[in-house]
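Notes for the one structure printed next.
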Amino acid sequence: MEVNGSVDERFAGVREVMADVVDSQPGTGASCAVWHDGAWVVDLWGGYADAERTRPWQRDTLVMPYSVTKPFAAVAVLTLVERGLVDLDAPMQRYWPELRAVTTVREVLAHRAGVVALDADASEEAFYDWELMCSLLADQEPSWAPGTAHGESALFYGHLLGEVVRRVDGRSLGRFLREEVCGPLGLDFHVGLGDAEVRRVADLTGFSARFQAAQQRGTDLYLRGVNNPPGARDPRVVNSERWRRAEVPAVNGHGTARAVAGLYAALAQGRLLTDELRGELARGHGVGPDQMMGDDRAWGLGVIVDDDGFGMGGLGGSLGWWSEVGGYAIAFLTGHIGGYGRADRIEGAVRESLGLPPL
């Protein structure tokens, strides 16, 4: 299937891989972007934006990349840290007195706070009621002693951070991002869509019975953490206008690949955060098993950190990453749920173009 957009001639192989990736997706399409050496060297998109495959994916088509949203939420709080309005090592209770978990802002940012699952049953309605969700989180005992382990707060990371933003600044996290981060940087990425953005969103497809069955495997903590409230993996929910307009900043940002890669490019250029804070974001805050996901990983402040660089993947195969080794920012955002093999293939072509060894 043909893909649209531009590619620097050095990266022609990336277009070929992207075309093959899009052609292999039976549902909606995808976009990818790469920034390197001060310029956009890849900006591609292709496929369809609707499940019926009648509406072509455009340059400004938005899609929800699940946890790729989390670094945007982290950057919102770090912007307040930079302005002296939030202290990284202050107790969360300084900003949110009702929160039961005795933890720090840094520990929340680094997924070390332990607030990853709700004991009380919650309905889908909690996703659409900010105060209700935050009241549930405020009452929740952490699943481990904060600071002693780490585990991804899959559904609640954005509320934990967003409530700090709201208490300190007065704006919701989505509005703060729009007015203080994404808007000034020209990043087409949004948490809580307005009328103009809703019209540009691609459907998420690929929620097969096999996919859904795979999501129900894992530890008890994981299953409680991703299924309560229910709906975050339900196409009926995540493709609804109500979900798209809501703010669930752990997972429901909507954007383009260029916007996601643009966040990492802005960090690299020094256009976002001081060098000191960027260093804190990209520094591992402990290596070990993730109590939710089960694998060994190192968390920075909102990002996964490894020997190559830092970034974040999302359920379904989307990815945003900064390669310190290669000096490039890359993003792959897909509407069709699947594995990370597609992003790996695209990044492999980028690295081959740069003469870098494969990851």
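To be explicit about the labels: the chains of the structure tokens are called A, B, and onward in the order shown, and within each one the residues are counted from 1, while ligands get numbers from 1 in the order they are shown.
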Legend entry - Picked from segment 104-275 of chain A by DSSP as alpha helix (DSSP H), as a count of residues only: 77
Pick out the residues sitting within 10 Å of Phe176 of chain A, and hand them over as a PDB file with C-alpha atoms, in the first residue's frame; count only C-alpha atoms, and ignore anything fewer than 2 positions along from it in its own chain.
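Produced file part_24.pdb, reproduced below:
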```pdb
ATOM      1  CA  ALA A  73       2.020  13.864  31.568  1.00  0.00           C
ATOM      2  CA  ALA A  76       3.714  18.757  32.485  1.00  0.00           C
ATOM      3  CA  VAL A  77       4.764  18.213  36.102  1.00  0.00           C
ATOM      4  CA  THR A  79       7.588  22.054  33.732  1.00  0.00           C
ATOM      5  CA  GLY A 162      -2.643  15.617  36.756  1.00  0.00           C
ATOM      6  CA  VAL A 165      -0.970  20.097  38.131  1.00  0.00           C
ATOM      7  CA  ARG A 166      -4.569  20.986  38.967  1.00  0.00           C
ATOM      8  CA  ASP A 169      -1.701  25.553  38.639  1.00  0.00           C
ATOM      9  CA  GLY A 170      -5.496  25.433  38.556  1.00  0.00           C
ATOM     10  CA  ARG A 171      -5.676  24.006  35.042  1.00  0.00           C
ATOM     11  CA  SER A 172      -6.352  20.425  34.036  1.00  0.00           C
ATOM     12  CA  LEU A 173      -3.370  18.466  32.762  1.00  0.00           C
ATOM     13  CA  GLY A 174      -4.798  18.478  29.232  1.00  0.00           C
ATOM     14  CA  ARG A 178      -2.123  22.524  25.317  1.00  0.00           C
ATOM     15  CA  GLU A 179      -1.235  25.992  26.587  1.00  0.00           C
ATOM     16  CA  GLU A 180       2.252  25.496  28.035  1.00  0.00           C
ATOM     17  CA  VAL A 181       3.889  22.589  26.188  1.00  0.00           C
ATOM     18  CA  CYS A 182       2.298  21.262  23.014  1.00  0.00           C
ATOM     19  CA  GLY A 183       0.893  24.550  21.760  1.00  0.00           C
ATOM     20  CA  VAL A 191      -5.309  15.048  26.135  1.00  0.00           C
TER      21      VAL A 191
END
```
Legend entry - Within 10 Å of segment 226-233 of chain A using only C-alpha atoms, minus same-chain residues under 4 positions, as a ChimeraX atom specification: /A:66,116-127,133,153-156,207,211-212,215-216,221-222,237-238,243,248,251-252,292,315-316
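For segment 274-350 of chain A, a DSSP pass over the backbone yields strand (DSSP E) at Val287, Gly288, Pro289, Asp296, Arg297, Ala298, Trp299, Ile304, Val305, Gly309, Phe310, Gly311, Met312, Gly313, Leu319, Gly320, Trp321, Trp322, Ser323, Tyr328, Ala329, Ile330, Ala331, Phe332, Leu333 and Thr334 of chain A.
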Inset, instruction - Quote the spacing between atom CA of Gln93 of chain A and atom CA of Gly288 of chain A in Å to one decimal place. - result: 27.0 Å
Inset, instruction - Can you work out which one of A:Asp308, A:Glu82, A:Asp344, A:Glu131 has the shortest atom-to-atom distance to Leu272 of chain A, counting only C-alpha atoms? - result: A:Glu82
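Every protein or nucleic acid residue with an atom no more than 9 Å from Cys32 of chain A, counting only C-alpha atoms and leaving out same-chain residues fewer than 5 positions away, appears here: Met18, Val42, Asp43, Leu44, Trp45, Thr256, Ala257, Arg258, Ala261, Ile330, Ala331, Phe332, Leu333, Thr334, Ala343 and Ile346 of chain A.
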Applying 7 Å and only C-alpha atoms, which residues near Leu301 of chain A remain after dropping the ones on its own chain fewer than 5 positions away? List them as a PDB file with N, CA and C atoms, in the first residue's frame.
```pdb
ATOM      1  N   ALA A  74       4.276  13.438  32.359  1.00  0.00           N
ATOM      2  CA  ALA A  74       5.460  13.702  33.179  1.00  0.00           C
ATOM      3  C   ALA A  74       6.041  15.080  32.887  1.00  0.00           C
ATOM      4  N   LEU A 109       6.459   9.995  39.642  1.00  0.00           N
ATOM      5  CA  LEU A 109       6.974  10.140  38.285  1.00  0.00           C
ATOM      6  C   LEU A 109       7.718   8.893  37.821  1.00  0.00           C
ATOM      7  N   ALA A 110       8.427   8.238  38.733  1.00  0.00           N
ATOM      8  CA  ALA A 110       9.244   7.078  38.390  1.00  0.00           C
ATOM      9  C   ALA A 110       8.516   5.749  38.617  1.00  0.00           C
ATOM     10  N   GLU A 280      17.453  14.267  34.860  1.00  0.00           N
ATOM     11  CA  GLU A 280      16.663  13.522  35.840  1.00  0.00           C
ATOM     12  C   GLU A 280      15.628  12.648  35.138  1.00  0.00           C
ATOM     13  N   LEU A 281      14.999  13.189  34.109  1.00  0.00           N
ATOM     14  CA  LEU A 281      14.004  12.424  33.357  1.00  0.00           C
ATOM     15  C   LEU A 281      14.619  11.169  32.760  1.00  0.00           C
ATOM     16  N   ALA A 282      15.831  11.300  32.216  1.00  0.00           N
ATOM     17  CA  ALA A 282      16.460  10.205  31.472  1.00  0.00           C
ATOM     18  C   ALA A 282      17.315   9.291  32.338  1.00  0.00           C
TER      19      ALA A 282
END
```
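Excluding Gly151 of chain A itself and same-chain residues fewer than 2 positions from it, the residues having an atom within 10 Å of it are Ala110, His111, Arg112, Ala113, Gly114, Val115, Val116, Ser143, Trp144, Ala149, Ser153, Ala154, Tyr222, Gly288, Pro289, Asp290, Gln291, Met292, Met293, Gly294, Asp295, Arg297, Ala298 and Trp299 of chain A, counting only C-alpha atoms.
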Please produce a file of those selected residues containing C-alpha atoms, as an mmCIF file, in the first residue's frame.
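Wrote it out as part.cif, contents follow:
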```cif
data_model
loop_
_atom_site.group_PDB
_atom_site.id
_atom_site.type_symbol
_atom_site.label_atom_id
_atom_site.label_comp_id
_atom_site.auth_asym_id
_atom_site.auth_seq_id
_atom_site.Cartn_x
_atom_site.Cartn_y
_atom_site.Cartn_z
ATOM 1 C CA ALA A 110 9.244 7.078 38.390
ATOM 2 C CA HIS A 111 6.402 4.580 38.937
ATOM 3 C CA ARG A 112 7.682 3.837 42.449
ATOM 4 C CA ALA A 113 4.647 5.020 44.441
ATOM 5 C CA GLY A 114 2.746 1.720 44.400
ATOM 6 C CA VAL A 115 -0.635 3.221 43.488
ATOM 7 C CA VAL A 116 -1.268 0.873 40.581
ATOM 8 C CA SER A 143 0.512 -2.100 46.661
ATOM 9 C CA TRP A 144 4.066 -1.891 48.078
ATOM 10 C CA ALA A 149 10.041 -1.161 44.144
ATOM 11 C CA SER A 153 0.726 2.699 37.084
ATOM 12 C CA ALA A 154 -0.968 1.719 33.851
ATOM 13 C CA TYR A 222 -1.651 -6.631 36.819
ATOM 14 C CA GLY A 288 14.556 -4.509 38.648
ATOM 15 C CA PRO A 289 11.351 -6.387 38.022
ATOM 16 C CA ASP A 290 8.330 -4.249 37.230
ATOM 17 C CA GLN A 291 5.720 -5.297 39.794
ATOM 18 C CA MET A 292 2.929 -4.836 37.250
ATOM 19 C CA MET A 293 4.473 -5.987 33.983
ATOM 20 C CA GLY A 294 6.847 -8.633 35.323
ATOM 21 C CA ASP A 295 9.872 -7.799 33.190
ATOM 22 C CA ARG A 297 13.299 -2.513 33.432
ATOM 23 C CA ALA A 298 14.603 0.832 34.583
ATOM 24 C CA TRP A 299 12.216 3.746 34.915
#
```
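Residue nearest Gly38 of chain A, chosen from A:Ala266, A:Gly348, A:Ser67, A:Ser318 and counting only C-alpha atoms: A:Ala266.
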Inset, instruction - Excluding Gly355 of chain A and residues on its chain fewer than 2 positions from it, collect all residues at most 12 Å away from it, counting only C-alpha atoms, and give them as number ranges by chain. - result: A: 10-11, 325-326, 348-353, 357-358
Inset, instruction - Find, counting only C-alpha atoms, the residue in A:Gly5, A:Gly13, A:Gly255, A:Gly147 that gets nearest to Ala202 of chain A. - result: A:Gly255
Legend entry - Distance criterion (only C-alpha atoms): nearest to Glu98 of chain A out of A:Leu273, A:Cys134, A:Val260, A:Met1: A:Cys134
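Compared by their closest atoms to Val201 of chain A, and using only C-alpha atoms, the residues A:Phe72, A:Trp35, A:Tyr48, A:Trp40 rank with A:Tyr48 nearest.
Atom CA of Ala39 of chain A is found 29.3 Å from atom CA of Ala250 of chain A.
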Legend entry - Atom-to-atom span, atom CA of Asp220 of chain A and atom CA of Ala145 of chain A, Å: 17.8 Å
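Nearest to Leu177 of chain A of all the residues A:Leu267, A:Val75, A:Leu136, A:Ala259 is A:Val75, counting only C-alpha atoms.
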